[in-house]
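Next up, entry.cif (mmCIF, C-alpha atoms):
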```cif
data_model
#
loop_
_atom_site.label_atom_id
_atom_site.label_comp_id
_atom_site.auth_asym_id
_atom_site.auth_seq_id
_atom_site.Cartn_x
_atom_site.Cartn_y
_atom_site.Cartn_z
CA MET J 1 46.50 -32.60 -72.09
CA SER J 2 43.31 -33.01 -70.07
CA SER J 3 45.16 -32.09 -66.87
CA ASN J 4 46.53 -28.84 -68.40
CA HIS J 5 43.11 -27.96 -69.78
CA SER J 6 41.59 -28.47 -66.31
CA GLN J 7 44.31 -26.30 -64.75
CA LEU J 8 43.64 -23.56 -67.34
CA ASP J 9 39.92 -23.74 -66.57
CA GLY J 10 40.75 -23.37 -62.89
CA LYS J 11 42.87 -20.29 -63.49
CA GLU J 12 40.17 -18.72 -65.63
CA ALA J 13 37.54 -19.49 -62.99
CA TYR J 14 39.80 -18.06 -60.28
CA ALA J 15 40.17 -14.83 -62.27
CA GLN J 16 36.40 -14.54 -62.62
CA VAL J 17 35.43 -15.26 -59.01
CA ILE J 18 37.64 -12.44 -57.71
CA GLU J 19 35.83 -9.89 -59.88
CA GLU J 20 33.26 -7.49 -58.45
CA ASP J 21 30.53 -8.93 -56.20
CA GLU J 22 27.76 -7.32 -58.26
CA ARG J 23 28.71 -9.28 -61.37
CA LEU J 24 28.83 -12.56 -59.45
CA ALA J 25 25.47 -11.84 -57.79
CA ALA J 26 23.96 -11.19 -61.22
CA LEU J 27 25.42 -14.44 -62.54
CA ASN J 28 23.92 -16.37 -59.61
CA GLN J 29 20.52 -14.94 -60.50
CA GLU J 30 20.76 -15.43 -64.25
CA ASP J 31 22.66 -18.70 -64.50
CA PRO J 32 22.94 -20.48 -61.11
CA VAL J 33 24.38 -23.63 -62.70
CA ARG J 34 27.24 -21.67 -64.28
CA TYR J 35 27.81 -19.82 -61.00
CA ARG J 36 28.21 -23.13 -59.22
CA GLN J 37 30.56 -24.56 -61.84
CA LEU J 38 32.71 -21.44 -61.77
CA HIS J 39 33.20 -21.66 -58.01
CA GLU J 40 33.86 -25.40 -58.11
CA GLN J 41 36.59 -24.91 -60.71
CA ALA J 42 38.09 -22.00 -58.80
CA LEU J 43 38.14 -23.89 -55.50
CA ASN J 44 39.84 -26.88 -57.10
CA TYR J 45 42.54 -24.54 -58.40
CA LEU J 46 42.91 -22.82 -55.00
CA ASN J 47 43.12 -26.17 -53.18
CA ALA J 48 45.98 -27.19 -55.46
CA GLN J 49 47.75 -23.90 -54.78
CA LEU J 50 47.46 -24.34 -51.00
CA ILE J 51 48.70 -27.92 -51.14
CA ALA J 52 51.68 -26.62 -53.16
CA GLY J 53 52.45 -24.17 -50.34
CA ASN J 54 51.03 -20.93 -51.76
CA HIS J 55 49.30 -19.51 -48.68
CA ASP J 56 49.04 -15.99 -50.07
CA ILE J 57 45.69 -16.94 -51.57
CA GLU J 58 44.06 -18.10 -48.30
CA SER J 59 41.76 -15.07 -48.10
CA VAL J 60 40.48 -15.81 -51.60
CA TRP J 61 40.09 -19.50 -50.73
CA THR J 62 38.03 -18.51 -47.68
CA ALA J 63 35.70 -16.32 -49.74
CA VAL J 64 35.22 -18.92 -52.49
CA TYR J 65 34.78 -21.75 -49.97
CA GLU J 66 32.14 -19.75 -48.12
CA ARG J 67 30.20 -18.96 -51.30
CA LEU J 68 30.28 -22.55 -52.51
CA THR J 69 29.31 -24.09 -49.17
CA ASN J 70 26.51 -21.53 -48.86
CA LEU J 71 25.31 -22.64 -52.28
CA TYR J 72 25.48 -26.34 -51.42
CA PHE J 73 23.71 -25.71 -48.11
CA ALA J 74 20.77 -24.22 -50.01
CA ARG J 75 20.66 -26.71 -52.88
CA ASP J 76 22.75 -29.89 -52.53
CA THR J 77 23.35 -31.62 -49.18
CA THR J 78 25.41 -34.44 -50.70
CA ALA J 79 27.82 -31.97 -52.29
CA LEU J 80 28.01 -30.03 -49.00
CA LEU J 81 29.07 -33.12 -47.07
CA GLN J 82 31.63 -34.09 -49.69
CA LEU J 83 33.12 -30.61 -49.78
CA THR J 84 33.44 -30.20 -46.01
CA THR J 85 35.08 -33.63 -45.76
CA SER J 86 37.60 -32.87 -48.51
CA ALA J 87 38.41 -29.48 -46.94
CA GLU J 88 39.72 -31.19 -43.79
CA SER J 89 42.93 -32.14 -45.60
CA ILE J 90 43.64 -28.66 -47.00
CA PRO J 91 46.59 -27.02 -45.16
CA LEU J 92 45.38 -23.68 -43.79
CA GLN J 93 47.41 -21.20 -41.77
CA SER J 94 45.19 -18.17 -41.18
CA ALA J 95 42.67 -18.10 -38.34
CA GLN J 96 40.05 -16.71 -40.72
CA ALA J 97 40.31 -19.69 -43.04
CA ARG J 98 40.46 -22.27 -40.24
CA ASN J 99 37.46 -20.74 -38.49
CA MET J 100 35.46 -20.75 -41.71
CA ARG J 101 36.29 -24.42 -42.24
CA GLN J 102 35.27 -25.23 -38.65
CA TYR J 103 32.00 -23.37 -39.06
CA PHE J 104 30.97 -25.47 -42.04
CA GLN J 105 32.11 -28.64 -40.28
CA GLY J 106 29.46 -27.80 -37.70
CA VAL J 107 26.94 -27.26 -40.49
CA ALA J 108 27.83 -30.64 -42.00
CA PHE J 109 27.38 -32.46 -38.67
CA PHE J 110 23.98 -30.79 -38.40
CA ARG J 111 23.00 -32.00 -41.87
CA LYS J 112 24.07 -35.53 -40.85
CA ALA J 113 21.77 -35.20 -37.79
CA ASP J 114 24.77 -35.48 -35.45
CA TYR J 115 23.38 -32.65 -33.36
CA ALA J 116 25.57 -33.18 -30.29
CA THR J 117 28.78 -32.87 -32.32
CA SER J 118 27.39 -29.94 -34.28
CA LEU J 119 26.56 -28.12 -31.05
CA ASP J 120 30.06 -28.80 -29.69
CA VAL J 121 31.68 -27.46 -32.87
CA PHE J 122 29.70 -24.22 -32.81
CA THR J 123 30.20 -23.77 -29.06
CA ASP J 124 33.96 -24.21 -29.44
CA LEU J 125 34.07 -21.86 -32.43
CA LEU J 126 32.38 -19.12 -30.42
CA THR J 127 35.19 -19.29 -27.83
CA GLN J 128 37.91 -18.51 -30.41
CA PRO J 129 39.54 -15.15 -29.59
CA ASP J 130 40.25 -14.35 -33.24
CA LEU J 131 36.72 -15.04 -34.52
CA ASP J 132 35.57 -12.21 -36.78
CA THR J 133 32.21 -10.56 -36.17
CA HIS J 134 30.60 -11.88 -39.34
CA LEU J 135 31.34 -15.50 -38.52
CA GLN J 136 30.45 -14.98 -34.86
CA ALA J 137 26.95 -13.91 -35.87
CA ARG J 138 26.60 -16.89 -38.21
CA ALA J 139 27.78 -19.29 -35.51
CA LEU J 140 25.33 -17.82 -32.99
CA ASN J 141 22.49 -18.36 -35.43
CA SER J 142 23.58 -21.87 -36.41
CA ARG J 143 24.03 -22.92 -32.80
CA ALA J 144 20.51 -21.61 -32.12
CA VAL J 145 19.20 -23.78 -34.97
CA VAL J 146 20.72 -26.86 -33.33
CA CYS J 147 19.13 -25.87 -30.02
CA ARG J 148 15.76 -25.49 -31.73
CA VAL J 149 15.96 -28.89 -33.39
CA THR J 150 16.97 -30.55 -30.11
CA GLY J 151 14.13 -28.91 -28.18
CA GLN J 152 16.18 -26.31 -26.33
CA LEU J 153 13.80 -23.55 -27.33
CA GLU J 154 14.81 -20.89 -24.81
CA ASP J 155 18.47 -21.28 -25.76
CA ALA J 156 17.44 -21.13 -29.40
CA MET J 157 15.51 -17.88 -29.00
CA ALA J 158 18.39 -16.33 -27.03
CA GLY J 159 20.86 -17.35 -29.72
CA TYR J 160 18.72 -15.96 -32.53
CA ARG J 161 18.31 -12.64 -30.76
CA ALA J 162 22.04 -12.39 -30.02
CA SER J 163 22.79 -13.12 -33.66
CA LEU J 164 20.19 -10.64 -34.90
CA ALA J 165 21.69 -7.88 -32.75
CA VAL J 166 25.09 -8.41 -34.40
CA TRP J 167 23.62 -8.39 -37.92
CA GLN J 168 21.66 -5.26 -37.16
CA ALA J 169 24.86 -3.56 -35.99
CA LEU J 170 26.56 -4.65 -39.21
CA GLY J 171 23.60 -3.51 -41.31
CA ASP J 172 23.48 -6.82 -43.17
CA ASP J 173 20.02 -7.33 -44.71
CA HIS J 174 20.75 -10.85 -45.95
CA TYR J 175 21.66 -12.28 -42.57
CA GLN J 176 19.00 -10.30 -40.75
CA GLY J 177 16.67 -12.12 -43.12
CA ILE J 178 18.12 -15.51 -42.18
CA VAL J 179 17.68 -14.89 -38.46
CA THR J 180 14.14 -13.53 -38.78
CA LEU J 181 13.36 -16.54 -40.98
CA ASN J 182 14.54 -18.79 -38.16
CA LEU J 183 12.49 -16.83 -35.64
CA GLY J 184 9.51 -17.38 -37.92
CA ILE J 185 10.16 -21.11 -38.08
CA ILE J 186 10.42 -21.48 -34.30
CA SER J 187 7.23 -19.43 -33.88
CA TYR J 188 5.52 -21.73 -36.37
CA ASN J 189 6.71 -24.79 -34.45
CA LEU J 190 5.20 -23.26 -31.32
CA ARG J 191 1.92 -22.78 -33.28
CA ARG J 192 2.15 -19.02 -32.91
CA TYR J 193 1.01 -18.54 -36.49
CA ASP J 194 0.43 -14.78 -36.43
CA GLN J 195 3.87 -14.23 -34.92
CA ALA J 196 5.39 -16.60 -37.46
CA ASP J 197 3.66 -14.73 -40.28
CA ALA J 198 5.07 -11.40 -39.03
CA TYR J 199 8.63 -12.71 -38.74
CA LEU J 200 8.52 -14.41 -42.14
CA ARG J 201 7.16 -11.33 -43.90
CA GLN J 202 9.98 -9.35 -42.29
CA ALA J 203 12.47 -11.93 -43.58
CA GLU J 204 10.87 -11.72 -47.01
CA ARG J 205 11.49 -7.96 -47.09
CA PHE J 206 15.11 -8.37 -45.98
CA PHE J 207 15.80 -10.91 -48.72
CA GLU J 208 14.11 -8.77 -51.36
CA VAL J 209 16.31 -5.80 -50.41
CA ALA J 210 19.43 -8.00 -50.33
CA GLY J 211 18.58 -9.73 -53.61
CA SER J 212 18.91 -13.14 -51.93
CA ALA J 213 16.78 -15.20 -54.30
CA ASP J 214 17.49 -18.64 -52.78
CA TRP J 215 16.57 -17.57 -49.27
CA LEU J 216 13.61 -15.56 -50.51
CA ALA J 217 12.28 -18.74 -52.10
CA LYS J 218 12.77 -20.69 -48.87
CA THR J 219 10.97 -17.98 -46.91
CA GLN J 220 8.10 -18.05 -49.37
CA SER J 221 7.87 -21.81 -48.90
CA GLU J 222 7.57 -21.31 -45.14
CA LEU J 223 5.03 -18.54 -45.69
CA GLY J 224 3.02 -20.96 -47.80
CA LEU J 225 2.80 -23.35 -44.86
CA VAL J 226 1.81 -20.57 -42.47
CA GLN J 227 -0.90 -19.33 -44.85
CA ARG J 228 -2.13 -22.91 -45.17
CA ASP J 229 -2.52 -23.24 -41.41
CA LEU J 230 -4.20 -19.85 -41.23
CA GLY J 231 -6.67 -21.02 -43.90
CA HIS J 232 -5.47 -18.54 -46.55
CA TRP J 233 -5.52 -21.10 -49.36
CA ASP J 234 -4.95 -18.88 -52.41
CA GLU J 235 -2.03 -17.05 -50.81
CA ALA J 236 -0.53 -20.37 -49.68
CA LEU J 237 -0.68 -21.76 -53.22
CA ALA J 238 0.82 -18.60 -54.69
CA TYR J 239 3.79 -18.74 -52.32
CA LEU J 240 4.42 -22.43 -53.00
CA GLU J 241 4.15 -22.04 -56.77
CA THR J 242 6.77 -19.27 -56.65
CA TYR J 243 9.01 -21.53 -54.58
CA ILE J 244 8.59 -24.47 -56.96
CA ALA J 245 9.37 -22.31 -60.00
CA ARG J 246 12.59 -21.00 -58.43
CA SER J 247 13.65 -24.52 -57.42
CA GLU J 248 13.08 -25.77 -60.98
CA GLN J 249 15.22 -22.94 -62.34
CA GLN J 250 18.05 -24.01 -60.03
CA GLU J 251 17.53 -27.70 -60.86
CA SER J 252 17.03 -28.35 -57.13
CA TRP J 253 14.75 -31.33 -57.61
CA GLU J 254 14.57 -32.28 -53.94
CA ASP J 255 13.10 -28.85 -53.17
CA VAL J 256 10.75 -29.13 -56.13
CA GLY J 257 9.45 -32.41 -54.69
CA VAL J 258 8.88 -30.88 -51.24
CA GLY J 259 7.03 -27.96 -52.79
CA GLU J 260 4.88 -30.25 -54.90
CA ILE J 261 3.93 -32.33 -51.85
CA ASN J 262 2.93 -29.25 -49.89
CA ARG J 263 0.99 -27.84 -52.81
CA GLY J 264 -0.79 -31.16 -53.28
CA GLU J 265 -1.80 -31.24 -49.62
CA ILE J 266 -3.32 -27.78 -49.88
CA ARG J 267 -5.32 -28.77 -52.95
CA ILE J 268 -6.65 -31.76 -51.01
CA TYR J 269 -7.67 -29.45 -48.14
CA ILE J 270 -9.50 -27.19 -50.59
CA PHE J 271 -11.21 -30.14 -52.28
CA GLU J 272 -12.38 -31.59 -48.98
CA ARG J 273 -13.89 -28.36 -47.67
#
```
Starting from the file, give its structure as structure tokens.
Amino acid sequence: MSSNHSQLDGKEAYAQVIEEDERLAALNQEDPVRYRQLHEQALNYLNAQLIAGNHDIESVWTAVYERLTNLYFARDTTALLQLTTSAESIPLQSAQARNMRQYFQGVAFFRKADYATSLDVFTDLLTQPDLDTHLQARALNSRAVVCRVTGQLEDAMAGYRASLAVWQALGDDHYQGIVTLNLGIISYNLRRYDQADAYLRQAERFFEVAGSADWLAKTQSELGLVQRDLGHWDEALAYLETYIARSEQQESWEDVGVGEINRGEIRIYIFER
């Protein structure tokens, strides 16, 4: 009985996640927990279908897998690592699906701080002749992130700019926001605070236009740190409080803790002045 009920839930979830993107985007804004559950149920159903030999649904699997791994990347590292590991055993035939799986394997190695392997995965992915433009731009950006973290700053900047050029050609505000966010972070690491501020405010505008609430919150967290280092205390606190509120709504308690620490540090700075 419980197995049939779970299968029915999976079918219902599958039917809902293939509906129009606008409805799903609204659900992610209004009820992020339900959005996550819906995609988890749908992916379980799709995995079972693929294992049973139904490869007609691979394009849907790819879309659902991408959405769910994007969600985990933003909110739940443990779930991200578990999902990418379990996906290794799913039989995939299409290049699109296999490339998407490889991309997130690179992301998972990055999250495990295995930067050398992550870099190898992204570098190999970028050599695939059947790599679609969307994933190429993501891989360029992600590889640049690895380069930044490992101190290869010139390679990182080149990768970001190459990725940004592709997203600009595609007219994708969301991913232009991600790349300009990363340019802001690397500028901040180089202590170029005015440049970082300009990039991050640009990213903020991209995410507002795209309706990308999770990434907008992350950008506002970074802007809070930049405003702190520029001595703009009130603006720094406002950004961090917005970030904390969004993280609480999503029940992302790790992010709430980071925001609280940064907010507490700023209050100490103000008190000590």
_Residues within 9 Å of region 126-136 of chain J, only C-alpha atoms, excluding chain neighbours under 5 positions, as number ranges by chain_ = J: 95-96, 99-100, 103, 121, 141, 163, 166-167, 170
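CA of Leu92 (chain J) lies 25.8 Å from CA of Ala116 (chain J).
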*Counting only C-alpha atoms, which of J:Glu265, J:Gly231, J:Ser94, J:Tyr115 gets nearest to Gln152 (chain J)?*
J:Tyr115
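With the shown file loaded, the PyMOL selection byres ((chain J and resi 172-175) around 9) picks out Ala137, Arg138, Leu164, Trp167, Gln168, Ala169, Leu170, Gly171, Gln176, Gly177, Ile178, Val179, Thr180, Ala203, Arg205, Phe206, Phe207, Glu208, Val209, Ala210, Gly211, Ser212 and Trp215 of chain J.
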C-alpha atoms of the current selection, written as a PDB file, in the coordinates of the input:
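To be explicit, this is the file written out as result.pdb:
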```pdb
ATOM      1  CA  ALA J 137      26.950 -13.910 -35.870  1.00  0.00           C
ATOM      2  CA  ARG J 138      26.600 -16.890 -38.210  1.00  0.00           C
ATOM      3  CA  LEU J 164      20.190 -10.640 -34.900  1.00  0.00           C
ATOM      4  CA  TRP J 167      23.620  -8.390 -37.920  1.00  0.00           C
ATOM      5  CA  GLN J 168      21.660  -5.260 -37.160  1.00  0.00           C
ATOM      6  CA  ALA J 169      24.860  -3.560 -35.990  1.00  0.00           C
ATOM      7  CA  LEU J 170      26.560  -4.650 -39.210  1.00  0.00           C
ATOM      8  CA  GLY J 171      23.600  -3.510 -41.310  1.00  0.00           C
ATOM      9  CA  GLN J 176      19.000 -10.300 -40.750  1.00  0.00           C
ATOM     10  CA  GLY J 177      16.670 -12.120 -43.120  1.00  0.00           C
ATOM     11  CA  ILE J 178      18.120 -15.510 -42.180  1.00  0.00           C
ATOM     12  CA  VAL J 179      17.680 -14.890 -38.460  1.00  0.00           C
ATOM     13  CA  THR J 180      14.140 -13.530 -38.780  1.00  0.00           C
ATOM     14  CA  ALA J 203      12.470 -11.930 -43.580  1.00  0.00           C
ATOM     15  CA  ARG J 205      11.490  -7.960 -47.090  1.00  0.00           C
ATOM     16  CA  PHE J 206      15.110  -8.370 -45.980  1.00  0.00           C
ATOM     17  CA  PHE J 207      15.800 -10.910 -48.720  1.00  0.00           C
ATOM     18  CA  GLU J 208      14.110  -8.770 -51.360  1.00  0.00           C
ATOM     19  CA  VAL J 209      16.310  -5.800 -50.410  1.00  0.00           C
ATOM     20  CA  ALA J 210      19.430  -8.000 -50.330  1.00  0.00           C
ATOM     21  CA  GLY J 211      18.580  -9.730 -53.610  1.00  0.00           C
ATOM     22  CA  SER J 212      18.910 -13.140 -51.930  1.00  0.00           C
ATOM     23  CA  TRP J 215      16.570 -17.570 -49.270  1.00  0.00           C
TER      24      TRP J 215
END
```
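Here CA of Glu88 (chain J) is placed at a distance of 8.8 Å from CA of Gln105 (chain J).
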_Polymer residues at most 12 Å from Tyr72 (chain J), only C-alpha atoms, same-chain spacing of 3 or more positions, as a PyMOL selection string_ = chain J and resi 32-33+35-37+39-40+65-69+75-84+104+107-108+111+214+250+252
_Spatial neighbours of Gly184 (chain J), max dist 8 Å, all atoms listed in the file, sep filter under 6 positions, as a ChimeraX atom specification_ = /J:195-200
Around region 80-92 of chain J, fit a box with edges along x, y and z, padding it by 5 Å on each side, then list its centre and edge lengths in Å to one decimal as lines of an AutoDock Vina configuration file.
```
center_x = 37.3
center_y = -28.9
center_z = -46.8
size_x = 28.6
size_y = 20.4
size_z = 16.0
```
